[in-house]
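What follows is a set of notes on a single structure, which appears directly below.
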Amino acid sequence: MFQTFKDWFWLERFWLPPTVKWSDLEDHDGLIFVKPSHLYMTIPYAFVLIIIRHFFQKFIASPLAKTFGIKEEVRKKIIPNSVLENFFKHSTKKPSQTDIYGLAKKCNLTERQVERWFRRRQNQDRPCRMKKFQESCWRFTFYLIITIAGIAFLYDKPWVYDLWEVWKGYPRQPLLPSQYWYYILEMSFYWSLLFSLGSDIKRKDFLANVIHHLAAVSLMSFSWCANYIRSGTLVMIVHDVADIWLESAKMFSYAGWKQTCNTLFFIFSTVFLISRLIIFPFWILYCTLILPLHYLQPFFSYIFLNLQLMVLQVLNLYWSYLILKMLKRSIFTKSIRDVRSDSEDEYEEEEEEEEKKKEAREGKETDRLKNSLGANRHLIPNGQHGY
């Protein structure tokens, strides 16, 4: 049964233009062509990248964060309470005033003590700045290296400057060593991001990121097997170039360098909107959707490739909306607190500050009460000081 499915899955009509056979893409005369088996190496390479990331964050990102003044945050411990913990996990993390009143009665606590417990419990699950900085530093480093490598791989390729060259001789286009490593490293990186989703910080656009990573892996795998390597390298370089500025803006945001963060964010926004809303749809999609029709009749892999690219463009539009929303906010607040996928964390810092203010107020009230009792201690009859 498995062999039957395999034979059906690799039918030439699904992957190749009419009249082209898999035998046409066999290695010959020193020319090497893509093979699906090449992609097996992306999985072990992904785990290698995860190991490299671990040591990078420990020995490079952490010291760098401390240089920027970012310290390991010590969360205030909470007193274990099974009733409150069960409500927190199974009902809501932010109880209403009615809930607080009922929980206070049930636990024999004051309402203020219940509010404080929930505030501190919420803080236990919030990622610290150090972890955020480490993640952004790792992604910034990878995107910087892969973008430089991509430019080095592509600067002398004719299809970068003449899109008709993308389809010249397709699909009988041999694989270059630079194309192999560019694809394998990029795919391995996205596999590593998928494998580390459980341990990475969960942000507001978590679902969009999962879809993006899966779409990226699917798109790269499919384009590799169908030998859309030339157009694939163009898609990768266009999408990588903006992410450098995004991650660098995040790093400076976590470090508290607001002016530098704002500058980098505006650069990122400009690069992102130009690359994702102008170059990608009007250059890349034009290349993959329109130009092939001058050479070939529409076939399955041509349709499937472009459907995946359109899904990617929908995600680009979603992120563009978030970016423009943040730019609009910055016009009025004169400050960018965070960028794109950390938008939900804007409110976390506000809540932490609010918690500190509340605790400070509570402390002052306690001190005033103690001072009042001390000042009027002589008015209390003898023998009643302990009541």
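Following the order of the structure tokens, first chain is A, next is B, and so on, with residues numbered from 1 inside each chain and ligands from 1 in the order they appear.
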
Inset, instruction - Would you list, as number ranges by chain, the residues of range 60-241 of chain A that end up in alpha helix (DSSP H) under DSSP run on this structure's backbone? - result: A: 62-67, 82-90, 97-107, 111-125, 129-154, 158-161, 177-195, 206-225, 229-241

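With CA of Phe300 in chain A on one side and CA of Phe9 in chain A on the other, the separation reads 12.5 Å.
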
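Ranking A:Gln308, A:Cys287, A:Lys168, A:Phe133 by their shortest atom-to-atom distance to Ala215 in chain A, with only C-alpha atoms included, puts A:Gln308 first.
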
Inset, instruction - Identify which of the residues A:Ala255, A:Ala226, A:Leu277, A:Val210 lies closest to Leu305 in chain A, counting only C-alpha atoms when measuring atom-to-atom distances. - result: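 Closest to Leu305 in chain A, using only C-alpha atoms: A:Ala226.
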
Each residue of range 249-303 of chain A with at least one atom at most 12 Å from range 68-92 of chain A should appear once, together with its nearest atom pair and the corresponding distance in Å (one decimal); atoms considered: only C-alpha atoms; ordering: chain, then increasing residue number; output as JSON lines.
```
{"residue": "A:Met251", "atom": "CA", "partner": "A:Phe68", "partner_atom": "CA", "distance": 9.5}
{"residue": "A:Phe252", "atom": "CA", "partner": "A:Phe68", "partner_atom": "CA", "distance": 8.5}
{"residue": "A:Ser253", "atom": "CA", "partner": "A:Phe68", "partner_atom": "CA", "distance": 10.7}
{"residue": "A:Tyr254", "atom": "CA", "partner": "A:Ile70", "partner_atom": "CA", "distance": 7.7}
{"residue": "A:Ala255", "atom": "CA", "partner": "A:Phe68", "partner_atom": "CA", "distance": 5.7}
{"residue": "A:Gly256", "atom": "CA", "partner": "A:Phe68", "partner_atom": "CA", "distance": 8.5}
{"residue": "A:Trp257", "atom": "CA", "partner": "A:Phe68", "partner_atom": "CA", "distance": 8.9}
```

Per-residue nearest contacts of range 160-268 of chain A to range 12-20 of chain A (9 Å; only C-alpha atoms) as CSV:
```
residue,atom,partner,partner_atom,distance
A:Pro171,CA,A:Leu16,CA,7.6
A:Phe222,CA,A:Trp15,CA,8.8
A:Cys225,CA,A:Trp15,CA,7.6
A:Ala226,CA,A:Trp15,CA,5.4
A:Asn227,CA,A:Leu16,CA,8.8
```

Selected residues written out, all heavy atoms, as a PDB file, in the first residue's frame:
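Output file result.pdb follows:
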```pdb
ATOM      1  N   PRO A 171      12.229  22.598 -16.863  1.00  0.00           N
ATOM      2  CA  PRO A 171      12.797  22.350 -15.542  1.00  0.00           C
ATOM      3  C   PRO A 171      14.201  21.760 -15.566  1.00  0.00           C
ATOM      4  O   PRO A 171      14.709  21.348 -14.520  1.00  0.00           O
ATOM      5  CB  PRO A 171      11.805  21.351 -14.947  1.00  0.00           C
ATOM      6  CG  PRO A 171      11.407  20.516 -16.118  1.00  0.00           C
ATOM      7  CD  PRO A 171      11.380  21.463 -17.302  1.00  0.00           C
ATOM      8  N   PHE A 222       8.324  22.060  -1.621  1.00  0.00           N
ATOM      9  CA  PHE A 222       7.659  21.859  -2.903  1.00  0.00           C
ATOM     10  C   PHE A 222       8.472  22.460  -4.048  1.00  0.00           C
ATOM     11  O   PHE A 222       8.649  21.831  -5.096  1.00  0.00           O
ATOM     12  CB  PHE A 222       6.265  22.477  -2.869  1.00  0.00           C
ATOM     13  CG  PHE A 222       5.505  22.324  -4.157  1.00  0.00           C
ATOM     14  CD1 PHE A 222       4.867  21.141  -4.468  1.00  0.00           C
ATOM     15  CD2 PHE A 222       5.464  23.365  -5.070  1.00  0.00           C
ATOM     16  CE1 PHE A 222       4.188  20.994  -5.673  1.00  0.00           C
ATOM     17  CE2 PHE A 222       4.784  23.240  -6.269  1.00  0.00           C
ATOM     18  CZ  PHE A 222       4.144  22.041  -6.568  1.00  0.00           C
ATOM     19  N   CYS A 225      11.424  20.193  -4.843  1.00  0.00           N
ATOM     20  CA  CYS A 225      11.107  18.950  -5.554  1.00  0.00           C
ATOM     21  C   CYS A 225      10.699  19.208  -6.999  1.00  0.00           C
ATOM     22  O   CYS A 225      10.973  18.384  -7.885  1.00  0.00           O
ATOM     23  CB  CYS A 225       9.987  18.206  -4.827  1.00  0.00           C
ATOM     24  SG  CYS A 225      10.450  17.605  -3.180  1.00  0.00           S
ATOM     25  N   ALA A 226      10.031  20.331  -7.257  1.00  0.00           N
ATOM     26  CA  ALA A 226       9.602  20.661  -8.617  1.00  0.00           C
ATOM     27  C   ALA A 226      10.632  21.503  -9.363  1.00  0.00           C
ATOM     28  O   ALA A 226      10.373  21.953 -10.479  1.00  0.00           O
ATOM     29  CB  ALA A 226       8.267  21.399  -8.573  1.00  0.00           C
ATOM     30  N   ASN A 227      11.783  21.718  -8.706  1.00  0.00           N
ATOM     31  CA  ASN A 227      12.909  22.447  -9.305  1.00  0.00           C
ATOM     32  C   ASN A 227      12.578  23.922  -9.607  1.00  0.00           C
ATOM     33  O   ASN A 227      13.055  24.473 -10.592  1.00  0.00           O
ATOM     34  CB  ASN A 227      13.408  21.758 -10.580  1.00  0.00           C
ATOM     35  CG  ASN A 227      14.873  22.093 -10.850  1.00  0.00           C
ATOM     36  OD1 ASN A 227      15.591  22.568  -9.968  1.00  0.00           O
ATOM     37  ND2 ASN A 227      15.308  21.859 -12.084  1.00  0.00           N
TER      38      ASN A 227
END
```

Inset, instruction - For Glu165 in chain A, please output as an MDAnalysis selection string all residues within 9 Å (counting only C-alpha atoms; exclusion window: fewer than 6 positions along the same chain). - result: chainID A and resid 158:159 230

Emit the selected residues as a compact mmCIF listing (two decimals), in the first residue's frame, including N, CA and C atoms.
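File out_14.txt, as written:
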```txt
# COMPACT_ATOMS: atom_id res chain seq x y z
N PRO A 158 22.09 35.66 -13.44
CA PRO A 158 21.36 36.46 -14.44
C PRO A 158 19.87 36.60 -14.14
N TRP A 159 19.26 35.60 -13.46
CA TRP A 159 17.81 35.68 -13.23
C TRP A 159 17.43 36.72 -12.16
N ARG A 230 15.24 28.70 -8.80
CA ARG A 230 15.59 30.08 -9.11
C ARG A 230 14.57 31.07 -8.52
```

Inset, instruction - Can you pull out every residue within 8 Å of range 245-249 of chain A, counting only C-alpha atoms, but drop anything in the same chain fewer than 3 positions away, and send it as a PyMOL selection string? - result: chain A and resi 136-137+139-140+241-242+252-253+260-262+264-265+267-268+339

Legend entry - Distance of CA of Ile151 in chain A from CA of Ile237 in chain A, expressed in Å to one decimal place: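 A separation of 7.6 Å between them.
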